[in-house]
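Student: What follows is the file input13.cif, containing mmCIF, C-alpha atoms:
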```
data_data
loop_
_atom_site.group_PDB
_atom_site.id
_atom_site.type_symbol
_atom_site.label_atom_id
_atom_site.label_comp_id
_atom_site.auth_asym_id
_atom_site.auth_seq_id
_atom_site.Cartn_x
_atom_site.Cartn_y
_atom_site.Cartn_z
ATOM 1 C CA TYR A 1 200.701 154.220 -25.769
ATOM 2 C CA HIS A 2 204.481 154.448 -26.176
ATOM 3 C CA VAL A 3 205.155 156.556 -23.075
ATOM 4 C CA LYS A 4 208.049 155.174 -21.012
ATOM 5 C CA SER A 5 207.633 157.584 -18.103
ATOM 6 C CA LYS A 6 206.080 160.834 -16.917
ATOM 7 C CA THR A 7 207.460 163.287 -14.381
ATOM 8 C CA TYR A 8 205.233 165.476 -12.243
ATOM 9 C CA ARG A 9 206.346 168.278 -9.937
ATOM 10 C CA TYR A 10 204.355 169.336 -6.902
ATOM 11 C CA THR A 11 205.414 172.700 -5.463
ATOM 12 C CA ILE A 12 204.694 173.672 -1.863
ATOM 13 C CA LEU A 13 205.185 177.139 -0.379
ATOM 14 C CA ASN A 14 206.315 176.409 3.166
ATOM 15 C CA ARG A 15 206.158 179.631 5.163
ATOM 16 C CA PRO A 16 203.581 181.409 7.331
ATOM 17 C CA GLY A 17 202.568 183.986 4.705
ATOM 18 C CA ARG A 18 200.888 183.267 1.399
ATOM 19 C CA CYS A 19 202.039 184.583 -1.980
ATOM 20 C CA ALA A 20 199.288 186.373 -3.903
ATOM 21 C CA LEU A 21 201.071 186.030 -7.246
ATOM 22 C CA GLN A 22 201.517 182.265 -6.993
ATOM 23 C CA LYS A 23 198.373 181.240 -5.126
ATOM 24 C CA ASN A 24 197.126 179.132 -8.047
ATOM 25 C CA PHE A 25 200.504 177.548 -8.743
ATOM 26 C CA VAL A 26 201.698 176.370 -5.321
ATOM 27 C CA LEU A 27 200.169 174.700 -2.306
ATOM 28 C CA HIS A 28 200.553 176.873 0.769
ATOM 29 C CA CYS A 29 201.608 175.037 3.929
ATOM 30 C CA PRO A 30 202.075 177.536 6.789
ATOM 31 C CA HIS A 31 203.559 175.182 9.390
ATOM 32 C CA LYS A 32 207.099 173.821 9.333
ATOM 33 C CA LEU A 33 207.500 170.401 7.713
ATOM 34 C CA ASN A 34 209.975 167.701 8.703
ATOM 35 C CA LEU A 35 211.646 167.133 5.344
ATOM 36 C CA ARG A 36 213.863 164.405 6.719
ATOM 37 C CA SER A 37 210.839 162.262 7.634
ATOM 38 C CA MET A 38 209.193 162.992 4.286
ATOM 39 C CA ARG A 39 212.326 161.948 2.387
ATOM 40 C CA GLU A 40 212.797 158.779 4.426
ATOM 41 C CA GLU A 41 209.198 157.699 3.848
ATOM 42 C CA ALA A 42 209.311 158.640 0.147
ATOM 43 C CA LYS A 43 212.070 156.052 -0.368
ATOM 44 C CA PHE A 44 209.536 153.280 0.283
ATOM 45 C CA LEU A 45 207.406 154.462 -2.636
ATOM 46 C CA VAL A 46 210.203 154.042 -5.169
ATOM 47 C CA GLY A 47 209.993 150.766 -7.049
ATOM 48 C CA ARG A 48 207.229 148.529 -8.320
ATOM 49 C CA HIS A 49 204.207 148.477 -5.985
ATOM 50 C CA ASP A 50 200.455 148.173 -5.969
ATOM 51 C CA PHE A 51 199.381 151.796 -5.472
ATOM 52 C CA LYS A 52 195.713 151.066 -4.831
ATOM 53 C CA SER A 53 195.985 152.962 -1.514
ATOM 54 C CA PHE A 54 196.962 156.073 -3.471
ATOM 55 C CA ALA A 55 194.366 155.820 -6.246
ATOM 56 C CA ALA A 56 191.095 157.753 -6.422
ATOM 57 C CA SER A 57 188.663 157.909 -3.515
ATOM 58 C CA PRO A 58 186.620 154.865 -2.412
ATOM 59 C CA ALA A 59 183.601 156.361 -4.195
ATOM 60 C CA LYS A 60 185.350 155.507 -7.448
ATOM 61 C CA GLU A 61 186.075 151.953 -6.256
ATOM 62 C CA GLN A 62 184.129 150.376 -9.099
ATOM 63 C CA LYS A 63 186.458 151.921 -11.684
ATOM 64 C CA ILE A 64 189.594 151.090 -9.675
ATOM 65 C CA ARG A 65 188.775 147.369 -9.580
ATOM 66 C CA LYS A 66 188.763 147.252 -13.366
ATOM 67 C CA ILE A 67 192.298 148.575 -13.803
ATOM 68 C CA ASN A 68 195.717 147.336 -12.803
ATOM 69 C CA THR A 69 196.965 149.503 -9.910
ATOM 70 C CA VAL A 70 200.581 148.313 -10.080
ATOM 71 C CA ARG A 71 202.987 151.051 -11.130
ATOM 72 C CA THR A 72 206.732 151.664 -10.905
ATOM 73 C CA ILE A 73 207.988 154.895 -9.403
ATOM 74 C CA LYS A 74 211.454 155.414 -10.823
ATOM 75 C CA ARG A 75 212.345 158.538 -8.884
ATOM 76 C CA LEU A 76 210.864 160.606 -6.065
ATOM 77 C CA VAL A 77 212.950 163.623 -5.051
ATOM 78 C CA ILE A 78 212.014 166.170 -2.389
ATOM 79 C CA ALA A 79 214.101 169.351 -2.637
ATOM 80 C CA LYS A 80 213.928 172.594 -0.671
ATOM 81 C CA LYS A 81 214.640 175.849 -2.508
ATOM 82 C CA GLY A 82 214.189 178.819 -0.215
ATOM 83 C CA ASP A 83 210.588 178.775 1.023
ATOM 84 C CA PHE A 84 209.587 176.276 -1.660
ATOM 85 C CA ILE A 85 209.564 172.498 -1.488
ATOM 86 C CA GLN A 86 209.560 170.708 -4.828
ATOM 87 C CA CYS A 87 208.515 167.072 -5.034
ATOM 88 C CA ASP A 88 209.407 165.460 -8.364
ATOM 89 C CA ILE A 89 207.879 162.062 -9.095
ATOM 90 C CA GLU A 90 208.773 160.019 -12.165
ATOM 91 C CA ALA A 91 206.910 156.798 -12.903
ATOM 92 C CA ASN A 92 205.971 154.524 -15.765
ATOM 93 C CA GLY A 93 202.375 155.643 -15.258
ATOM 94 C CA PHE A 94 200.069 157.185 -12.689
ATOM 95 C CA LEU A 95 196.644 156.336 -11.350
ATOM 96 C CA TYR A 96 193.936 158.979 -11.121
ATOM 97 C CA ARG A 97 194.939 161.382 -8.295
ATOM 98 C CA MET A 98 197.914 159.205 -7.359
ATOM 99 C CA VAL A 99 200.412 162.096 -7.154
ATOM 100 C CA ARG A 100 198.056 164.279 -5.113
ATOM 101 C CA ASN A 101 197.341 161.393 -2.712
ATOM 102 C CA ILE A 102 201.034 160.647 -2.276
ATOM 103 C CA ILE A 103 201.772 164.310 -1.597
ATOM 104 C CA GLY A 104 198.898 164.546 0.888
ATOM 105 C CA THR A 105 200.282 161.544 2.765
ATOM 106 C CA LEU A 106 203.840 162.907 2.736
ATOM 107 C CA LEU A 107 202.543 166.252 4.043
ATOM 108 C CA ASP A 108 200.812 164.416 6.899
ATOM 109 C CA ILE A 109 204.097 162.675 7.694
ATOM 110 C CA GLY A 110 206.041 165.935 7.478
ATOM 111 C CA SER A 111 203.630 167.707 9.817
ATOM 112 C CA GLY A 112 203.578 164.814 12.321
ATOM 113 C CA LYS A 113 199.905 163.848 11.772
ATOM 114 C CA THR A 114 200.966 160.468 10.416
ATOM 115 C CA PRO A 115 203.824 158.578 12.106
ATOM 116 C CA ARG A 116 207.028 157.666 10.350
ATOM 117 C CA GLY A 117 206.969 154.110 9.058
ATOM 118 C CA SER A 118 203.436 154.436 7.718
ATOM 119 C CA ILE A 119 204.128 154.249 3.968
ATOM 120 C CA LYS A 120 204.960 150.519 4.019
ATOM 121 C CA ARG A 121 201.781 149.808 5.990
ATOM 122 C CA ILE A 122 199.631 151.981 3.702
ATOM 123 C CA LEU A 123 200.976 150.241 0.581
ATOM 124 C CA ALA A 124 200.376 146.781 2.098
ATOM 125 C CA GLN A 125 196.790 147.537 3.152
ATOM 126 C CA LYS A 126 195.683 148.546 -0.380
ATOM 127 C CA ASP A 127 192.985 150.742 1.155
ATOM 128 C CA ARG A 128 192.570 154.368 0.085
ATOM 129 C CA THR A 129 191.146 155.337 3.480
ATOM 130 C CA LYS A 130 194.488 154.506 5.172
ATOM 131 C CA ALA A 131 196.472 157.114 3.196
ATOM 132 C CA GLY A 132 196.428 160.873 3.728
ATOM 133 C CA ALA A 133 193.991 163.367 2.304
ATOM 134 C CA THR A 134 194.184 164.306 -1.355
ATOM 135 C CA ALA A 135 196.363 167.406 -1.709
ATOM 136 C CA GLN A 136 194.839 170.373 -3.503
ATOM 137 C CA PRO A 137 195.695 170.635 -7.213
ATOM 138 C CA HIS A 138 197.574 173.929 -6.708
ATOM 139 C CA GLY A 139 201.225 173.227 -7.322
ATOM 140 C CA LEU A 140 200.877 170.138 -9.527
ATOM 141 C CA ALA A 141 202.499 170.337 -12.950
ATOM 142 C CA LEU A 142 203.529 167.837 -15.612
ATOM 143 C CA LEU A 143 207.243 168.379 -16.238
ATOM 144 C CA GLU A 144 208.237 165.745 -18.752
ATOM 145 C CA VAL A 145 207.013 162.838 -20.820
ATOM 146 C CA LYS A 146 209.585 160.330 -22.102
ATOM 147 C CA TYR A 147 208.884 158.177 -25.151
#
```
Output the structure of this file as structure tokens.
Tutor:
Amino acid sequence: YHVKSKTYRYTILNRPGRCALQKNFVLHCPHKLNLRSMREEAKFLVGRHDFKSFAASPAKEQKIRKINTVRTIKRLVIAKKGDFIQCDIEANGFLYRMVRNIIGTLLDIGSGKTPRGSIKRILAQKDRTKAGATAQPHGLALLEVKY
């Protein structure tokens, strides 16, 4: 109960071909992503917000209503290293599937499925169905816990 923040890293392999050795440790995205759009939209997630739109699926709505969905994202960095994209998210706490839902939404923005400027709207609507699909768990890792 004394955790000040946690940092998760989500790693994406962004090239046409898969990597057999890392298939369980990265999410493969074969089409080119617009990192500039992803970074610009990610800025709107930093700070104290109600992340209900990025919590678990509507099927788990009963559990969501019983918890506070306000969290503070302290840092969200998207870095490209060769064919890999690393998304580091540090926050004072995370909701169930919050990181995977954020990444899924950012991937939709990067691929052009979701228009730029959508993050503010998604946060304001507080509706899970307005955000992107939940990204697969491949590539998600807990990097650090600060006490």
Student: Here's the selection I'm unsure about, the PyMOL selection byres ((chain A and resi 44) around 10); applied to the file above, which residues does it give, as JSON, numbers by chain?
Tutor: {"A": [39, 40, 41, 42, 43, 45, 46, 47, 49, 73, 76, 117, 118, 119, 120, 123]}
Student: Could you check which of A:Arg36, A:Val145, A:Ala135, A:Cys19 is closest to A:His2, using all atoms listed in the file?
Tutor: A:Val145
Student: Here is a test: counting all atoms listed in the file, which residue of A:Arg71, A:Lys4, A:Lys113, A:Arg15 is nearest to A:Ala131?
Tutor: A:Lys113
Student: Rank A:Arg121, A:Leu140, A:Leu35, A:Ala91 by their smallest atom-to-atom distance to A:Ile109, using all atoms listed in the file, and report the top residue only.
Tutor: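 Residue with the minimum atom-to-atom distance to A:Ile109: A:Leu35.
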Student: Could you work out how far atom CA of A:Tyr8 lies from atom CA of A:Met38, giving the answer in Å with one decimal?
Tutor: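 Separation between atom CA of A:Met38 and atom CA of A:Tyr8: 17.2 Å.
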Student: Once the PyMOL selection byres ((chain A and resi 86) around 6) has been evaluated on this model, what residues remain selected, and can you format them as a ChimeraX atom specification?
Tutor: /A:10-11,78-79,85,87
Student: Counting all atoms listed in the file, which of A:Asn92, A:His28, A:Leu13, A:Arg48 gets nearest to A:Tyr147?
Tutor: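 Residue with the minimum atom-to-atom distance to A:Tyr147: A:Asn92.
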Student: Which is closer to A:Ser5 than all the others in A:Gln22, A:Thr72, A:Ser111, A:Asn34, using all atoms listed in the file?
Tutor: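 Closest to A:Ser5, using all atoms listed in the file: A:Thr72.
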Student: Mind checking which residues fall within 10 Å of A:Gly112, counting only C-alpha atoms, ignoring those fewer than 2 positions away in the same chain, and posting them as a list in words?
Tutor: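 So the residues in contact are Leu33, Asn34, Ser37, Met38, Leu106, Leu107, Asp108, Ile109, Gly110, Thr114, Pro115 and Arg116 of chain A.
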Student: Got a sec: who's within 9 Å of A:Arg97, counting only C-alpha atoms, leaving out chain neighbours fewer than 4 positions off, as number ranges by chain?
Tutor: A: 54-57, 101-102, 134
Student: Which is closest to A:Lys146 among A:Lys74, A:Ser53, A:Thr7, A:Lys126, if we use all atoms listed in the file?
Tutor: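 Going through A:Lys74, A:Ser53, A:Thr7, A:Lys126 one by one, the smallest distance to A:Lys146 is for A:Thr7.
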Student: Please provide the set of residues having any atom within 8 Å of A:Thr69, restricted to all atoms listed in the file, with same-chain residues fewer than 6 positions apart removed, written as a ChimeraX atom specification.
Tutor: /A:50-52,55,95
Student: One number please: atom CA of A:Thr105 to atom CA of A:Leu21, in Å, one decimal.
Tutor: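 Distance reported for this atom pair: 26.5 Å.
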Student: Once you add 8 Å to each side, what are the centre and edge lengths of the axis-aligned box holding all listed atoms of stretch 9-18 of chain A? One decimal in Å, as JSON, if you can.
Tutor:
```
{"center_x": 203.6, "center_y": 176.1, "center_z": -1.3, "size_x": 21.5, "size_y": 31.7, "size_z": 33.3}
```
Student: Between atom CA of A:Phe25 and atom CA of A:Gly132, what is the spacing in Å?
Tutor: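 Answer for the atom CA of A:Gly132 to atom CA of A:Phe25 separation: 21.2 Å.
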Student: Suppose a student applies the PyMOL selection byres ((chain A and resi 31) around 7) to this structure; what residues should they get, written as a PyMOL selection string?
Tutor: chain A and resi 14-16+29-30+32-33
Student: Please fill the gaps in stretch 23-43 of chain A so it has N, CA, C and O atoms, and write that as a PDB file, keeping the file's coordinate frame.
Tutor:
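Result file follows (result.pdb):
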```pdb
ATOM      1  N   LYS A  23     199.374 182.002  -5.872  1.00  0.00           N
ATOM      2  CA  LYS A  23     198.373 181.240  -5.126  1.00  0.00           C
ATOM      3  C   LYS A  23     197.751 180.093  -5.915  1.00  0.00           C
ATOM      4  O   LYS A  23     197.347 179.097  -5.335  1.00  0.00           O
ATOM      5  N   ASN A  24     197.701 180.205  -7.230  1.00  0.00           N
ATOM      6  CA  ASN A  24     197.126 179.132  -8.047  1.00  0.00           C
ATOM      7  C   ASN A  24     198.163 178.124  -8.532  1.00  0.00           C
ATOM      8  O   ASN A  24     197.824 177.159  -9.200  1.00  0.00           O
ATOM      9  N   PHE A  25     199.430 178.379  -8.206  1.00  0.00           N
ATOM     10  CA  PHE A  25     200.504 177.548  -8.743  1.00  0.00           C
ATOM     11  C   PHE A  25     201.301 176.805  -7.683  1.00  0.00           C
ATOM     12  O   PHE A  25     202.191 176.032  -8.018  1.00  0.00           O
ATOM     13  N   VAL A  26     201.025 177.059  -6.421  1.00  0.00           N
ATOM     14  CA  VAL A  26     201.698 176.370  -5.321  1.00  0.00           C
ATOM     15  C   VAL A  26     200.675 176.034  -4.247  1.00  0.00           C
ATOM     16  O   VAL A  26     199.642 176.686  -4.126  1.00  0.00           O
ATOM     17  N   LEU A  27     200.983 175.021  -3.471  1.00  0.00           N
ATOM     18  CA  LEU A  27     200.169 174.700  -2.306  1.00  0.00           C
ATOM     19  C   LEU A  27     200.802 175.395  -1.110  1.00  0.00           C
ATOM     20  O   LEU A  27     202.003 175.240  -0.874  1.00  0.00           O
ATOM     21  N   HIS A  28     200.026 176.168  -0.396  1.00  0.00           N
ATOM     22  CA  HIS A  28     200.553 176.873   0.769  1.00  0.00           C
ATOM     23  C   HIS A  28     200.440 175.987   2.003  1.00  0.00           C
ATOM     24  O   HIS A  28     199.370 175.483   2.324  1.00  0.00           O
ATOM     25  N   CYS A  29     201.557 175.805   2.684  1.00  0.00           N
ATOM     26  CA  CYS A  29     201.608 175.037   3.929  1.00  0.00           C
ATOM     27  C   CYS A  29     202.285 175.927   4.966  1.00  0.00           C
ATOM     28  O   CYS A  29     203.508 176.087   4.937  1.00  0.00           O
ATOM     29  N   PRO A  30     201.515 176.539   5.878  1.00  0.00           N
ATOM     30  CA  PRO A  30     202.075 177.536   6.789  1.00  0.00           C
ATOM     31  C   PRO A  30     202.940 176.990   7.920  1.00  0.00           C
ATOM     32  O   PRO A  30     203.761 177.711   8.471  1.00  0.00           O
ATOM     33  N   HIS A  31     202.770 175.728   8.277  1.00  0.00           N
ATOM     34  CA  HIS A  31     203.559 175.182   9.390  1.00  0.00           C
ATOM     35  C   HIS A  31     204.810 174.464   8.872  1.00  0.00           C
ATOM     36  O   HIS A  31     204.841 173.963   7.752  1.00  0.00           O
ATOM     37  N   LYS A  32     205.826 174.432   9.708  1.00  0.00           N
ATOM     38  CA  LYS A  32     207.099 173.821   9.333  1.00  0.00           C
ATOM     39  C   LYS A  32     206.925 172.323   9.099  1.00  0.00           C
ATOM     40  O   LYS A  32     206.224 171.644   9.854  1.00  0.00           O
ATOM     41  N   LEU A  33     207.555 171.816   8.052  1.00  0.00           N
ATOM     42  CA  LEU A  33     207.500 170.401   7.713  1.00  0.00           C
ATOM     43  C   LEU A  33     208.836 169.731   8.014  1.00  0.00           C
ATOM     44  O   LEU A  33     209.899 170.333   7.833  1.00  0.00           O
ATOM     45  N   ASN A  34     208.782 168.493   8.446  1.00  0.00           N
ATOM     46  CA  ASN A  34     209.975 167.701   8.703  1.00  0.00           C
ATOM     47  C   ASN A  34     210.360 167.013   7.392  1.00  0.00           C
ATOM     48  O   ASN A  34     209.863 165.929   7.069  1.00  0.00           O
ATOM     49  N   LEU A  35     211.245 167.661   6.658  1.00  0.00           N
ATOM     50  CA  LEU A  35     211.646 167.133   5.344  1.00  0.00           C
ATOM     51  C   LEU A  35     212.401 165.814   5.460  1.00  0.00           C
ATOM     52  O   LEU A  35     212.295 164.962   4.579  1.00  0.00           O
ATOM     53  N   ARG A  36     213.124 165.652   6.530  1.00  0.00           N
ATOM     54  CA  ARG A  36     213.863 164.405   6.719  1.00  0.00           C
ATOM     55  C   ARG A  36     212.902 163.213   6.771  1.00  0.00           C
ATOM     56  O   ARG A  36     213.119 162.189   6.108  1.00  0.00           O
ATOM     57  N   SER A  37     211.844 163.336   7.548  1.00  0.00           N
ATOM     58  CA  SER A  37     210.839 162.262   7.634  1.00  0.00           C
ATOM     59  C   SER A  37     210.172 162.027   6.293  1.00  0.00           C
ATOM     60  O   SER A  37     209.951 160.884   5.890  1.00  0.00           O
ATOM     61  N   MET A  38     209.844 163.116   5.590  1.00  0.00           N
ATOM     62  CA  MET A  38     209.193 162.992   4.286  1.00  0.00           C
ATOM     63  C   MET A  38     210.103 162.250   3.303  1.00  0.00           C
ATOM     64  O   MET A  38     209.646 161.370   2.581  1.00  0.00           O
ATOM     65  N   ARG A  39     211.374 162.594   3.301  1.00  0.00           N
ATOM     66  CA  ARG A  39     212.326 161.948   2.387  1.00  0.00           C
ATOM     67  C   ARG A  39     212.519 160.475   2.728  1.00  0.00           C
ATOM     68  O   ARG A  39     212.578 159.626   1.831  1.00  0.00           O
ATOM     69  N   GLU A  40     212.616 160.172   4.011  1.00  0.00           N
ATOM     70  CA  GLU A  40     212.797 158.779   4.426  1.00  0.00           C
ATOM     71  C   GLU A  40     211.599 157.925   4.030  1.00  0.00           C
ATOM     72  O   GLU A  40     211.756 156.795   3.559  1.00  0.00           O
ATOM     73  N   GLU A  41     210.402 158.446   4.216  1.00  0.00           N
ATOM     74  CA  GLU A  41     209.198 157.699   3.848  1.00  0.00           C
ATOM     75  C   GLU A  41     209.039 157.598   2.337  1.00  0.00           C
ATOM     76  O   GLU A  41     208.577 156.578   1.824  1.00  0.00           O
ATOM     77  N   ALA A  42     209.433 158.635   1.609  1.00  0.00           N
ATOM     78  CA  ALA A  42     209.311 158.640   0.147  1.00  0.00           C
ATOM     79  C   ALA A  42     210.130 157.520  -0.482  1.00  0.00           C
ATOM     80  O   ALA A  42     209.762 156.986  -1.532  1.00  0.00           O
ATOM     81  N   LYS A  43     211.230 157.133   0.161  1.00  0.00           N
ATOM     82  CA  LYS A  43     212.070 156.052  -0.368  1.00  0.00           C
ATOM     83  C   LYS A  43     211.292 154.746  -0.529  1.00  0.00           C
ATOM     84  O   LYS A  43     211.566 153.960  -1.422  1.00  0.00           O
TER      85      LYS A  43
END
```
